[in-house]
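As stored in model36.pdb (PDB, C-alpha atoms and all ligand atoms):
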```
ATOM      1  CA  MET A 554       8.313 160.644 -21.607
ATOM      2  CA  SER A 555       8.712 157.178 -23.029
ATOM      3  CA  ASP A 556      12.112 155.516 -23.374
ATOM      4  CA  ASN A 557      10.775 153.389 -26.176
ATOM      5  CA  LYS A 558      12.989 152.851 -29.181
ATOM      6  CA  ILE A 559      11.877 151.622 -32.593
ATOM      7  CA  LEU A 560      14.214 148.909 -33.883
ATOM      8  CA  GLU A 561      13.968 147.578 -37.435
ATOM      9  CA  TYR A 562      15.248 143.966 -37.550
ATOM     10  CA  ILE A 563      16.470 142.856 -40.995
ATOM     11  CA  TRP A 564      17.322 139.328 -42.114
ATOM     12  CA  LEU A 565      17.679 137.114 -45.206
ATOM     13  CA  ASP A 566      14.974 134.542 -45.890
ATOM     14  CA  GLY A 567      15.291 130.961 -47.196
ATOM     15  CA  TYR A 568      14.344 131.569 -50.832
ATOM     16  CA  GLN A 569      16.541 130.089 -53.573
ATOM     17  CA  PRO A 570      18.707 130.642 -55.501
ATOM     18  CA  GLU A 571      19.091 134.014 -53.800
ATOM     19  CA  PRO A 572      17.493 135.096 -50.535
ATOM     20  CA  SER A 573      15.156 138.061 -50.231
ATOM     21  CA  LEU A 574      15.256 140.660 -47.480
ATOM     22  CA  ARG A 575      12.725 140.604 -44.643
ATOM     23  CA  SER A 576      12.164 142.980 -41.758
ATOM     24  CA  LYS A 577       9.935 143.665 -38.817
ATOM     25  CA  ILE A 578       9.721 146.296 -36.121
ATOM     26  CA  LYS A 579      10.379 145.852 -32.429
ATOM     27  CA  VAL A 580       9.501 148.542 -29.889
ATOM     28  CA  THR A 581      11.632 148.195 -26.762
ATOM     29  CA  ASN A 582      13.179 150.158 -23.935
ATOM     30  CA  ASP A 583      16.161 147.790 -23.775
ATOM     31  CA  ASP A 584      19.492 149.564 -24.206
ATOM     32  CA  SER A 585      20.731 147.048 -26.758
ATOM     33  CA  ALA A 586      18.859 145.034 -29.354
ATOM     34  CA  PRO A 587      17.835 141.672 -27.871
ATOM     35  CA  ASN A 588      17.623 138.396 -29.772
ATOM     36  CA  TRP A 589      14.198 137.947 -31.304
ATOM     37  CA  SER A 590      12.247 135.339 -33.276
ATOM     38  CA  PHE A 591       9.996 135.035 -36.317
ATOM     39  CA  ASP A 592       7.787 132.543 -38.106
ATOM     40  CA  GLY A 593      10.202 130.629 -40.336
ATOM     41  CA  SER A 594       7.344 128.715 -41.994
ATOM     42  CA  SER A 595       6.446 131.927 -43.837
ATOM     43  CA  THR A 596       9.962 132.557 -45.162
ATOM     44  CA  GLN A 597      10.995 129.070 -46.385
ATOM     45  CA  GLN A 598      13.115 128.634 -43.261
ATOM     46  CA  ALA A 599      11.076 126.153 -41.182
ATOM     47  CA  GLU A 600       8.186 123.693 -41.219
ATOM     48  CA  GLY A 601       4.907 124.790 -39.673
ATOM     49  CA  GLY A 602       5.137 122.293 -36.809
ATOM     50  CA  SER A 603       8.382 123.785 -35.516
ATOM     51  CA  SER A 604       8.382 127.205 -37.017
ATOM     52  CA  ASP A 605      10.323 129.509 -34.700
ATOM     53  CA  CYS A 606      13.618 130.830 -36.044
ATOM     54  CA  ILE A 607      15.878 133.078 -33.984
ATOM     55  CA  LEU A 608      17.187 136.509 -35.011
ATOM     56  CA  ILE A 609      20.666 137.271 -33.706
ATOM     57  CA  PRO A 610      21.612 140.959 -34.059
ATOM     58  CA  VAL A 611      25.052 141.274 -35.669
ATOM     59  CA  GLN A 612      25.324 144.858 -36.983
ATOM     60  CA  THR A 613      23.517 148.042 -35.932
ATOM     61  CA  TYR A 614      22.937 151.151 -38.048
ATOM     62  CA  LYS A 615      21.444 154.532 -37.276
ATOM     63  CA  GLY A 616      17.939 154.521 -38.753
ATOM     64  CA  PRO A 617      17.818 157.131 -41.527
ATOM     65  CA  LEU A 618      14.085 156.811 -42.182
ATOM     66  CA  PHE A 619      11.346 155.763 -39.763
ATOM     67  CA  SER A 620      13.070 153.717 -37.073
ATOM     68  CA  ASP A 621      15.763 154.616 -34.546
ATOM     69  CA  SER A 622      18.029 151.765 -35.632
ATOM     70  CA  LEU A 623      18.409 149.166 -38.351
ATOM     71  CA  ILE A 624      19.492 145.827 -36.900
ATOM     72  CA  MET A 625      21.076 143.374 -39.347
ATOM     73  CA  CYS A 626      20.614 139.816 -38.054
ATOM     74  CA  GLU A 627      21.827 136.270 -38.588
ATOM     75  CA  VAL A 628      19.245 133.496 -38.476
ATOM     76  CA  GLN A 629      19.455 130.464 -36.206
ATOM     77  CA  ASN A 630      17.222 127.412 -35.909
ATOM     78  CA  GLY A 631      15.012 127.112 -32.866
ATOM     79  CA  ASP A 632      17.767 125.026 -31.234
ATOM     80  CA  HIS A 633      20.327 127.826 -31.874
ATOM     81  CA  ASP A 634      22.241 126.026 -34.615
ATOM     82  CA  VAL A 635      23.294 128.098 -37.621
ATOM     83  CA  HIS A 636      20.377 128.039 -40.066
ATOM     84  CA  PRO A 637      21.223 126.587 -43.528
ATOM     85  CA  SER A 638      20.178 129.915 -45.116
ATOM     86  CA  ASN A 639      22.736 131.779 -43.004
ATOM     87  CA  THR A 640      25.623 132.384 -45.425
ATOM     88  CA  ARG A 641      27.057 135.082 -43.171
ATOM     89  CA  ALA A 642      28.162 132.697 -40.423
ATOM     90  CA  ALA A 643      30.699 130.907 -42.654
ATOM     91  CA  ALA A 644      32.008 134.175 -44.096
ATOM     92  CA  THR A 645      32.535 135.676 -40.642
ATOM     93  CA  SER A 646      35.023 133.005 -39.686
ATOM     94  CA  ILE A 647      37.055 133.570 -42.889
ATOM     95  CA  VAL A 648      36.990 137.290 -43.677
ATOM     96  CA  SER A 649      39.000 139.568 -41.376
ATOM     97  CA  ASP A 650      38.980 143.371 -41.426
ATOM     98  CA  GLU A 651      42.290 143.320 -43.287
ATOM     99  CA  TRP A 652      40.195 142.628 -46.403
ATOM    100  CA  TRP A 653      38.595 145.681 -47.987
ATOM    101  CA  PHE A 654      35.786 145.481 -50.543
ATOM    102  CA  GLY A 655      34.142 147.920 -52.921
ATOM    103  CA  PHE A 656      30.926 146.595 -54.458
ATOM    104  CA  GLU A 657      29.554 148.245 -57.602
ATOM    105  CA  GLN A 658      25.856 147.451 -57.289
ATOM    106  CA  GLU A 659      23.941 147.873 -60.557
ATOM    107  CA  TYR A 660      20.133 147.634 -60.779
ATOM    108  CA  PHE A 661      17.060 148.884 -62.632
ATOM    109  CA  PHE A 662      14.163 150.884 -61.244
ATOM    110  CA  THR A 663      10.829 149.491 -62.448
ATOM    111  CA  GLY A 664       7.370 151.020 -62.866
ATOM    112  CA  ASP A 665       3.795 149.749 -62.489
ATOM    113  CA  ASN A 666       4.006 147.172 -65.260
ATOM    114  CA  GLY A 667       7.339 145.774 -64.080
ATOM    115  CA  GLU A 668       9.139 147.404 -67.001
ATOM    116  CA  PRO A 669      12.177 149.602 -66.307
ATOM    117  CA  LEU A 670      11.391 153.274 -65.715
ATOM    118  CA  GLY A 671      11.253 155.000 -69.080
ATOM    119  CA  TRP A 672      10.272 151.743 -70.871
ATOM    120  CA  GLU A 673       6.521 151.942 -70.197
ATOM    121  CA  ASP A 674       5.686 152.578 -73.858
ATOM    122  CA  GLY A 675       8.207 150.101 -75.249
ATOM    123  CA  ALA A 676      11.962 149.999 -75.635
ATOM    124  CA  PRO A 677      13.598 153.436 -75.647
ATOM    125  CA  ARG A 678      16.120 154.536 -78.269
ATOM    126  CA  ALA A 679      19.388 152.592 -78.325
ATOM    127  CA  GLN A 680      22.023 152.883 -75.611
ATOM    128  CA  GLY A 681      24.438 155.771 -75.860
ATOM    129  CA  ASP A 682      23.011 158.832 -74.101
ATOM    130  CA  TYR A 683      22.064 157.255 -70.795
ATOM    131  CA  TYR A 684      25.355 156.483 -69.019
ATOM    132  CA  CYS A 685      26.008 159.380 -66.595
ATOM    133  CA  GLY A 686      23.382 161.244 -68.612
ATOM    134  CA  VAL A 687      21.455 164.363 -67.738
ATOM    135  CA  GLY A 688      18.161 165.770 -68.956
ATOM    136  CA  ALA A 689      14.618 164.488 -69.411
ATOM    137  CA  GLY A 690      14.568 161.478 -71.724
ATOM    138  CA  ASN A 691      18.175 160.615 -70.840
ATOM    139  CA  VAL A 692      17.705 159.645 -67.215
ATOM    140  CA  GLU A 693      14.939 158.148 -65.039
ATOM    141  CA  GLY A 694      14.769 157.813 -61.252
ATOM    142  CA  ARG A 695      17.475 160.249 -60.230
ATOM    143  CA  ASP A 696      15.492 161.547 -57.223
ATOM    144  CA  ILE A 697      15.269 158.009 -55.829
ATOM    145  CA  SER A 698      18.980 157.376 -56.321
ATOM    146  CA  GLU A 699      19.799 160.629 -54.510
ATOM    147  CA  ALA A 700      17.442 159.885 -51.600
ATOM    148  CA  HIS A 701      19.067 156.456 -51.288
ATOM    149  CA  LEU A 702      22.570 157.912 -51.208
ATOM    150  CA  GLU A 703      21.624 160.332 -48.416
ATOM    151  CA  ALA A 704      19.949 157.594 -46.380
ATOM    152  CA  CYS A 705      22.941 155.245 -46.643
ATOM    153  CA  LEU A 706      25.391 157.942 -45.567
ATOM    154  CA  GLU A 707      23.186 158.839 -42.621
ATOM    155  CA  ALA A 708      23.020 155.175 -41.609
ATOM    156  CA  GLY A 709      26.828 154.941 -41.597
ATOM    157  CA  ILE A 710      27.123 152.953 -44.832
ATOM    158  CA  GLU A 711      29.990 154.219 -46.920
ATOM    159  CA  LEU A 712      28.622 154.755 -50.403
ATOM    160  CA  THR A 713      31.490 156.271 -52.387
ATOM    161  CA  GLY A 714      29.477 157.283 -55.434
ATOM    162  CA  THR A 715      26.490 156.755 -57.712
ATOM    163  CA  ASN A 716      25.857 157.052 -61.440
ATOM    164  CA  ALA A 717      23.201 156.539 -64.060
ATOM    165  CA  GLU A 718      24.146 153.402 -66.013
ATOM    166  CA  VAL A 719      24.284 152.379 -69.665
ATOM    167  CA  ALA A 720      20.597 151.416 -70.053
ATOM    168  CA  LEU A 721      17.689 153.800 -69.388
ATOM    169  CA  GLY A 722      16.347 153.332 -65.842
ATOM    170  CA  GLN A 723      19.555 151.549 -64.782
ATOM    171  CA  TRP A 724      21.705 152.852 -61.936
ATOM    172  CA  GLU A 725      24.779 151.968 -59.929
ATOM    173  CA  TYR A 726      26.120 152.800 -56.510
ATOM    174  CA  GLN A 727      29.486 151.925 -55.042
ATOM    175  CA  CYS A 728      29.593 150.595 -51.475
ATOM    176  CA  PHE A 729      32.898 150.368 -49.602
ATOM    177  CA  GLY A 730      33.600 148.433 -46.412
ATOM    178  CA  LYS A 731      36.077 146.336 -44.452
ATOM    179  CA  GLY A 732      35.735 142.690 -43.443
ATOM    180  CA  ILE A 733      32.307 141.175 -42.891
ATOM    181  CA  LYS A 734      30.767 144.636 -42.406
ATOM    182  CA  ALA A 735      31.309 145.294 -46.114
ATOM    183  CA  ALA A 736      28.782 142.583 -46.951
ATOM    184  CA  ASP A 737      26.424 143.592 -44.125
ATOM    185  CA  ASP A 738      26.508 147.141 -45.487
ATOM    186  CA  LEU A 739      25.719 145.971 -49.013
ATOM    187  CA  TRP A 740      22.681 144.000 -47.838
ATOM    188  CA  VAL A 741      21.417 146.913 -45.744
ATOM    189  CA  SER A 742      22.032 149.346 -48.626
ATOM    190  CA  ARG A 743      19.835 147.096 -50.789
ATOM    191  CA  TYR A 744      17.219 147.076 -48.053
ATOM    192  CA  LEU A 745      17.183 150.879 -47.986
ATOM    193  CA  LEU A 746      16.997 151.010 -51.780
ATOM    194  CA  TYR A 747      13.900 148.793 -51.888
ATOM    195  CA  LYS A 748      12.284 150.724 -49.076
ATOM    196  CA  ILE A 749      12.952 154.206 -50.461
ATOM    197  CA  ALA A 750      11.842 153.169 -53.960
ATOM    198  CA  GLU A 751       8.665 151.805 -52.323
ATOM    199  CA  ASP A 752       7.939 155.363 -51.095
ATOM    200  CA  PHE A 753       8.090 156.539 -54.721
ATOM    201  CA  GLY A 754       5.821 153.690 -55.873
ATOM    202  CA  VAL A 755       8.774 152.246 -57.781
ATOM    203  CA  GLY A 756      10.283 148.748 -57.803
ATOM    204  CA  VAL A 757      13.917 147.614 -57.892
ATOM    205  CA  ASN A 758      15.101 144.823 -60.174
ATOM    206  CA  ILE A 759      18.529 143.308 -59.468
ATOM    207  CA  HIS A 760      18.286 140.500 -62.042
ATOM    208  CA  PRO A 761      21.559 140.367 -64.053
ATOM    209  CA  LYS A 762      19.798 140.621 -67.433
ATOM    210  CA  PRO A 763      16.303 142.101 -67.189
ATOM    211  CA  LYS A 764      16.313 142.961 -70.901
ATOM    212  CA  THR A 765      17.778 140.586 -73.479
ATOM    213  CA  GLY A 766      19.117 141.993 -76.700
ATOM    214  CA  ASP A 767      21.472 144.891 -77.112
ATOM    215  CA  TRP A 768      21.039 146.172 -73.575
ATOM    216  CA  ASN A 769      23.543 146.071 -70.750
ATOM    217  CA  GLY A 770      22.884 143.681 -67.908
ATOM    218  CA  SER A 771      23.523 144.424 -64.252
ATOM    219  CA  GLY A 772      26.604 143.261 -62.395
ATOM    220  CA  MET A 773      28.203 143.716 -59.048
ATOM    221  CA  HIS A 774      31.885 144.191 -59.825
ATOM    222  CA  THR A 775      33.744 143.448 -56.608
ATOM    223  CA  ASN A 776      36.938 145.377 -55.890
ATOM    224  CA  PHE A 777      39.083 143.871 -53.171
ATOM    225  CA  SER A 778      42.457 144.092 -51.461
ATOM    226  CA  ASN A 779      44.345 142.906 -48.411
ATOM    227  CA  GLU A 780      47.273 144.464 -46.595
ATOM    228  CA  GLU A 781      49.895 142.852 -48.836
ATOM    229  CA  MET A 782      48.123 143.950 -52.018
ATOM    230  CA  ARG A 783      47.904 147.513 -50.731
ATOM    231  CA  THR A 784      51.419 147.939 -49.362
ATOM    232  CA  ALA A 785      53.786 145.163 -50.499
ATOM    233  CA  GLY A 786      52.522 144.272 -53.964
ATOM    234  CA  SER A 787      54.345 143.206 -57.120
ATOM    235  CA  GLU A 788      53.376 142.127 -60.618
ATOM    236  CA  ASP A 789      54.104 138.530 -59.583
ATOM    237  CA  LEU A 790      51.832 138.794 -56.561
ATOM    238  CA  TYR A 791      48.943 140.156 -58.618
ATOM    239  CA  ASN A 792      49.363 137.551 -61.351
ATOM    240  CA  SER A 793      49.468 134.742 -58.796
ATOM    241  CA  LEU A 794      46.269 135.994 -57.128
ATOM    242  CA  CYS A 795      44.482 136.087 -60.473
ATOM    243  CA  ASP A 796      45.774 132.610 -61.351
ATOM    244  CA  LYS A 797      44.458 131.218 -58.055
ATOM    245  CA  LEU A 798      41.010 132.636 -58.714
ATOM    246  CA  GLY A 799      41.165 131.243 -62.249
ATOM    247  CA  GLN A 800      41.808 127.737 -60.934
ATOM    248  CA  VAL A 801      38.463 127.830 -59.113
ATOM    249  CA  HIS A 802      36.585 129.801 -61.776
ATOM    250  CA  LYS A 803      33.689 127.308 -61.959
ATOM    251  CA  GLU A 804      33.267 127.234 -58.181
ATOM    252  CA  GLY A 805      33.313 131.025 -58.123
ATOM    253  CA  ILE A 806      30.694 131.339 -60.844
ATOM    254  CA  ALA A 807      28.418 128.996 -58.885
ATOM    255  CA  LEU A 808      28.559 131.470 -55.987
ATOM    256  CA  TYR A 809      28.324 134.683 -58.011
ATOM    257  CA  GLY A 810      24.574 134.853 -58.669
ATOM    258  CA  SER A 811      21.939 132.991 -60.715
ATOM    259  CA  ASP A 812      21.224 133.639 -64.420
ATOM    260  CA  ASN A 813      24.697 135.157 -64.709
ATOM    261  CA  ASN A 814      25.130 133.225 -67.991
ATOM    262  CA  MET A 815      22.628 135.671 -69.522
ATOM    263  CA  ARG A 816      24.946 138.545 -68.643
ATOM    264  CA  LEU A 817      28.463 137.104 -69.055
ATOM    265  CA  THR A 818      28.273 136.646 -72.805
ATOM    266  CA  GLY A 819      31.556 138.196 -73.900
ATOM    267  CA  LEU A 820      29.635 141.311 -75.044
ATOM    268  CA  HIS A 821      28.651 144.488 -73.164
ATOM    269  CA  GLU A 822      31.947 144.807 -71.262
ATOM    270  CA  THR A 823      31.963 141.206 -70.015
ATOM    271  CA  GLN A 824      34.044 138.079 -70.477
ATOM    272  CA  SER A 825      32.164 134.873 -71.425
ATOM    273  CA  ILE A 826      31.095 132.808 -68.422
ATOM    274  CA  GLU A 827      32.976 129.822 -69.925
ATOM    275  CA  LYS A 828      36.318 131.645 -69.973
ATOM    276  CA  PHE A 829      38.619 133.086 -67.354
ATOM    277  CA  SER A 830      41.034 135.896 -68.147
ATOM    278  CA  TYR A 831      42.688 138.840 -66.478
ATOM    279  CA  GLY A 832      44.475 141.924 -67.711
ATOM    280  CA  VAL A 833      45.516 145.480 -66.989
ATOM    281  CA  SER A 834      42.658 147.922 -67.650
ATOM    282  CA  ASP A 835      40.742 145.148 -69.441
ATOM    283  CA  ARG A 836      36.972 145.550 -69.042
ATOM    284  CA  GLY A 837      36.425 142.477 -71.222
ATOM    285  CA  ALA A 838      38.311 140.296 -68.724
ATOM    286  CA  SER A 839      37.025 138.273 -65.760
ATOM    287  CA  ILE A 840      39.384 140.188 -63.488
ATOM    288  CA  ARG A 841      40.675 143.670 -64.242
ATOM    289  CA  ILE A 842      43.988 144.874 -62.859
ATOM    290  CA  PRO A 843      43.314 148.604 -62.492
ATOM    291  CA  ILE A 844      45.832 151.012 -63.997
ATOM    292  CA  TYR A 845      45.897 152.639 -60.561
ATOM    293  CA  THR A 846      47.454 149.483 -59.130
ATOM    294  CA  VAL A 847      50.138 149.292 -61.844
ATOM    295  CA  GLU A 848      51.036 152.983 -61.638
ATOM    296  CA  ASN A 849      51.167 152.741 -57.866
ATOM    297  CA  ASN A 850      54.086 150.300 -58.163
ATOM    298  CA  TRP A 851      51.725 147.295 -57.983
ATOM    299  CA  ASN A 852      50.162 148.416 -54.710
ATOM    300  CA  GLY A 853      46.382 148.635 -54.885
ATOM    301  CA  TYR A 854      43.460 146.315 -55.550
ATOM    302  CA  LEU A 855      41.819 143.981 -58.050
ATOM    303  CA  GLU A 856      38.373 144.096 -59.628
ATOM    304  CA  ASP A 857      36.502 140.798 -59.994
ATOM    305  CA  ARG A 858      34.032 141.630 -62.779
ATOM    306  CA  ARG A 859      32.169 138.315 -62.673
ATOM    307  CA  PRO A 860      29.674 138.675 -59.769
ATOM    308  CA  ALA A 861      26.098 139.356 -60.855
ATOM    309  CA  SER A 862      23.919 142.127 -59.453
ATOM    310  CA  ASN A 863      21.796 139.558 -57.585
ATOM    311  CA  ALA A 864      24.747 137.789 -55.899
ATOM    312  CA  ASP A 865      24.954 137.269 -52.146
ATOM    313  CA  PRO A 866      27.947 139.360 -50.985
ATOM    314  CA  TYR A 867      28.616 136.944 -48.103
ATOM    315  CA  LYS A 868      29.274 134.200 -50.676
ATOM    316  CA  ILE A 869      31.431 136.485 -52.831
ATOM    317  CA  ILE A 870      33.783 137.601 -50.068
ATOM    318  CA  ASN A 871      33.982 134.096 -48.611
ATOM    319  CA  HIS A 872      35.032 132.724 -52.026
ATOM    320  CA  ILE A 873      37.653 135.426 -52.697
ATOM    321  CA  VAL A 874      39.265 135.298 -49.253
ATOM    322  CA  SER A 875      39.193 131.517 -48.810
ATOM    323  CA  THR A 876      40.786 131.155 -52.275
ATOM    324  CA  LEU A 877      43.527 133.709 -51.705
ATOM    325  CA  LYS A 878      44.519 133.470 -48.074
TER
HETATM  326 MG    MG B   1      28.813 150.000 -63.766
END
```

Please re-express this file's structure in structure tokens.
Amino acid sequence: MSDNKILEYIWLDGYQPEPSLRSKIKVTNDDSAPNWSFDGSSTQQAEGGSSDCILIPVQTYKGPLFSDSLIMCEVQNGDHDVHPSNTRAAATSIVSDEWWFGFEQEYFFTGDNGEPLGWEDGAPRAQGDYYCGVGAGNVEGRDISEAHLEACLEAGIELTGTNAEVALGQWEYQCFGKGIKAADDLWVSRYLLYKIAEDFGVGVNIHPKPKTGDWNGSGMHTNFSNEEMRTAGSEDLYNSLCDKLGQVHKEGIALYGSDNNMRLTGLHETQSIEKFSYGVSDRGASIRIPIYTVENNWNGYLEDRRPASNADPYKIINHIVSTLK
């Protein structure tokens, strides 16, 4: 009997403004995942003359599909320096496990022609019936969303829920985690989403505004808290945290995903990208103070509603924690 294990190495490439996910398979009888390498000249991470980049395993998941394990990696240059595309390295040194994050990842499933599922013959009837909808004509892609949820849970990624979203073919899942693993989990959950949708012959579009006009865009609302916010909060504390984030609003927006100006218009449950505001229960604000937090004697969390669906979670958590700690 062979001791061989199938390991699926996953990393982020060098594409801009946001990286794409890459993966390849290693068959090994090593007990732990060894460092590995890849051709960086094919991923915008190296020149052809010196093309080797190094994969450093940083987080391991049980493989819910084909492989035994999913291995999330950081990328280093051939000389073992942190690669410029490696946004995780900086976040790791800032974000401790005291910080908890809940990402609300929104996205569209797309069909053969690149249009959202259900849009193949043109725009569907106006928004209204689709959010948390049920029944043919009201929802598209549910089987894929359910397969994705099961796979994430089996991998050890804590999805806390899913729902059909406001536009037809649009979905959301919520992904909870602590410290840097929260962002690792979000990237690996995206990886599994692409891969499972691939099995159905379906694409995934995480652009923040795939359809202009009176259609919701896709965001990645980021809920966050630290120990003090959870257990020793006050109205003053929460206001001061929001004010601090407001002072670096422009810097935050620059890190919160490209084309986010198409989504943050002040309509469709968003605040304008030019403005910063916060408020209790306010879904038109940049940051929402949940009613849960207020009713819990100002112990709870905040929701940053600005990040786009295509944002790099390593950049988001680095910005929030380095601003507030
Ligand atoms: Mg949503």

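What the PyMOL selection byres (((chain A and resi 776) around 6) and not hetatm) matches in the given file is Phe654, Gly655, Thr775, Phe777, Leu855 and Glu856 of chain A.
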
Using all atoms listed in the file, which residues have at least one atom no more than 12 Å from ligand MG 1 (chain B)? Output them as a PyMOL selection string. chain A and resi 656-661+684-685+714-720+723-727+769-775+821-823+836+856+858+861-862

Long-range neighbours of Leu794 of chain A as an MDAnalysis selection string, 12 Å cut-off, all atoms listed in the file, 6 positions minimum in chain: chainID A and resid 777:779 781:782 786:788 800:801 831 840:842 854:857 873:878

I'd like to know which of A:Ile578, A:Ala599, A:Leu817, A:Leu739 is closest to His636 of chain A, using all atoms listed in the file. A:Ala599

Compare A:Thr713, A:Leu721, A:Phe829, A:Pro860 by their minimum atom-to-atom distance to Asn691 of chain A, counting only C-alpha atoms, and give me the closest one. A:Leu721

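The nearest approach to Cys728 of chain A among the residues A:Trp768, A:Trp653, A:Tyr683, A:Tyr568, with all atoms listed in the file taken into account, belongs to A:Trp653.
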
Run the PyMOL selection byres (((chain A and resi 745-754) around 8) and not hetatm) on the file and write out the hits as an MDAnalysis selection string. chainID A and resid 662 664:665 697 700:701 704:705 741:744 755:757

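Using all atoms listed in the file, the shortest contact distance between Gly593 of chain A and any of A:Ile733, A:Leu565, A:Val687, A:Leu706 is found at A:Leu565.
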
Name the residues that the PyMOL selection byres (((chain A and resi 582) around 8) and not hetatm) pulls out of this structure, and write them as a PDB file with C-alpha atoms, in the frame of the given file.
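This went into part.pdb:
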```pdb
ATOM      1  CA  ASP A 556      12.112 155.516 -23.374  1.00  0.00           C
ATOM      2  CA  ASN A 557      10.775 153.389 -26.176  1.00  0.00           C
ATOM      3  CA  LYS A 558      12.989 152.851 -29.181  1.00  0.00           C
ATOM      4  CA  VAL A 580       9.501 148.542 -29.889  1.00  0.00           C
ATOM      5  CA  THR A 581      11.632 148.195 -26.762  1.00  0.00           C
ATOM      6  CA  ASP A 583      16.161 147.790 -23.775  1.00  0.00           C
ATOM      7  CA  ASP A 584      19.492 149.564 -24.206  1.00  0.00           C
TER       8      ASP A 584
END
```

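The space between atom CA of Ser555 of chain A and atom CA of Lys577 of chain A spans 20.8 Å.
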
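Interatomic distance, atom CA of Ser825 of chain A to atom CA of Arg859 of chain A: 9.4 Å.
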
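Nearest residue to Leu790 of chain A, choosing from A:Asn814, A:Ser839, A:Ile607, A:Trp851 and counting all atoms listed in the file: A:Trp851.
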
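Compared by their closest atoms to Pro761 of chain A, and using all atoms listed in the file, the residues A:Glu651, A:Asp812, A:Asp738, A:Glu804 rank with A:Asp812 nearest.
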
Any chance you could work out the axis-aligned box around segment 771-779 of chain A, listed atoms only, 8 Å on each side, giving centre and edge lengths in Å to one decimal, as JSON?
```
{"center_x": 33.9, "center_y": 144.1, "center_z": -56.3, "size_x": 36.8, "size_y": 18.5, "size_z": 31.8}
```

Please compute the atom CA of Trp740 of chain A-atom CA of Phe591 of chain A distance, one decimal, in Å. 19.3 Å

For segment 689-779 of chain A versus segment 610-627 of chain A, which residues have an atom no more than 7 Å away, and what is each residue's nearest atom pair and distance in Å rounded to one decimal, using all atoms listed in the file, chain-then-number order, as CSV?
```
residue,atom,partner,partner_atom,distance
A:Ala704,CA,A:Pro617,CA,5.3
A:Glu707,CA,A:Pro617,CA,5.7
A:Ala708,CA,A:Lys615,CA,4.7
A:Gly709,CA,A:Tyr614,CA,6.5
```

Keeping all heavy atoms (and nothing else), can you write segment 804-808 of chain A of this structure as a short mmCIF file (atom, residue, chain, number, x, y, z; two decimals), in the first residue's frame?
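As a result, selection12.cif now contains:
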```
data_model
loop_
_atom_site.label_atom_id
_atom_site.label_comp_id
_atom_site.auth_asym_id
_atom_site.auth_seq_id
_atom_site.Cartn_x
_atom_site.Cartn_y
_atom_site.Cartn_z
N GLU A 804 -7.14 56.16 2.56
CA GLU A 804 -6.16 55.06 2.57
C GLU A 804 -6.89 53.72 2.60
O GLU A 804 -6.47 52.76 1.94
CB GLU A 804 -5.23 55.18 3.77
CG GLU A 804 -4.28 56.37 3.73
CD GLU A 804 -4.87 57.66 4.30
OE1 GLU A 804 -6.12 57.81 4.32
OE2 GLU A 804 -4.08 58.53 4.70
N GLY A 805 -7.96 53.65 3.39
CA GLY A 805 -8.73 52.42 3.46
C GLY A 805 -9.34 52.06 2.11
O GLY A 805 -9.22 50.92 1.65
N ILE A 806 -9.97 53.04 1.49
CA ILE A 806 -10.61 52.79 0.19
C ILE A 806 -9.59 52.25 -0.82
O ILE A 806 -9.89 51.36 -1.62
CB ILE A 806 -11.28 54.08 -0.32
CG1 ILE A 806 -12.53 54.40 0.52
CG2 ILE A 806 -11.61 53.98 -1.80
CD1 ILE A 806 -13.65 53.40 0.40
N ALA A 807 -8.37 52.78 -0.76
CA ALA A 807 -7.34 52.33 -1.71
C ALA A 807 -7.00 50.86 -1.52
O ALA A 807 -6.46 50.22 -2.43
CB ALA A 807 -6.09 53.19 -1.55
N LEU A 808 -7.30 50.33 -0.33
CA LEU A 808 -6.97 48.93 -0.02
C LEU A 808 -8.18 48.01 -0.09
O LEU A 808 -8.06 46.80 0.12
CB LEU A 808 -6.37 48.86 1.39
CG LEU A 808 -5.07 49.63 1.60
CD1 LEU A 808 -4.76 49.78 3.09
CD2 LEU A 808 -3.92 48.93 0.89
#
```
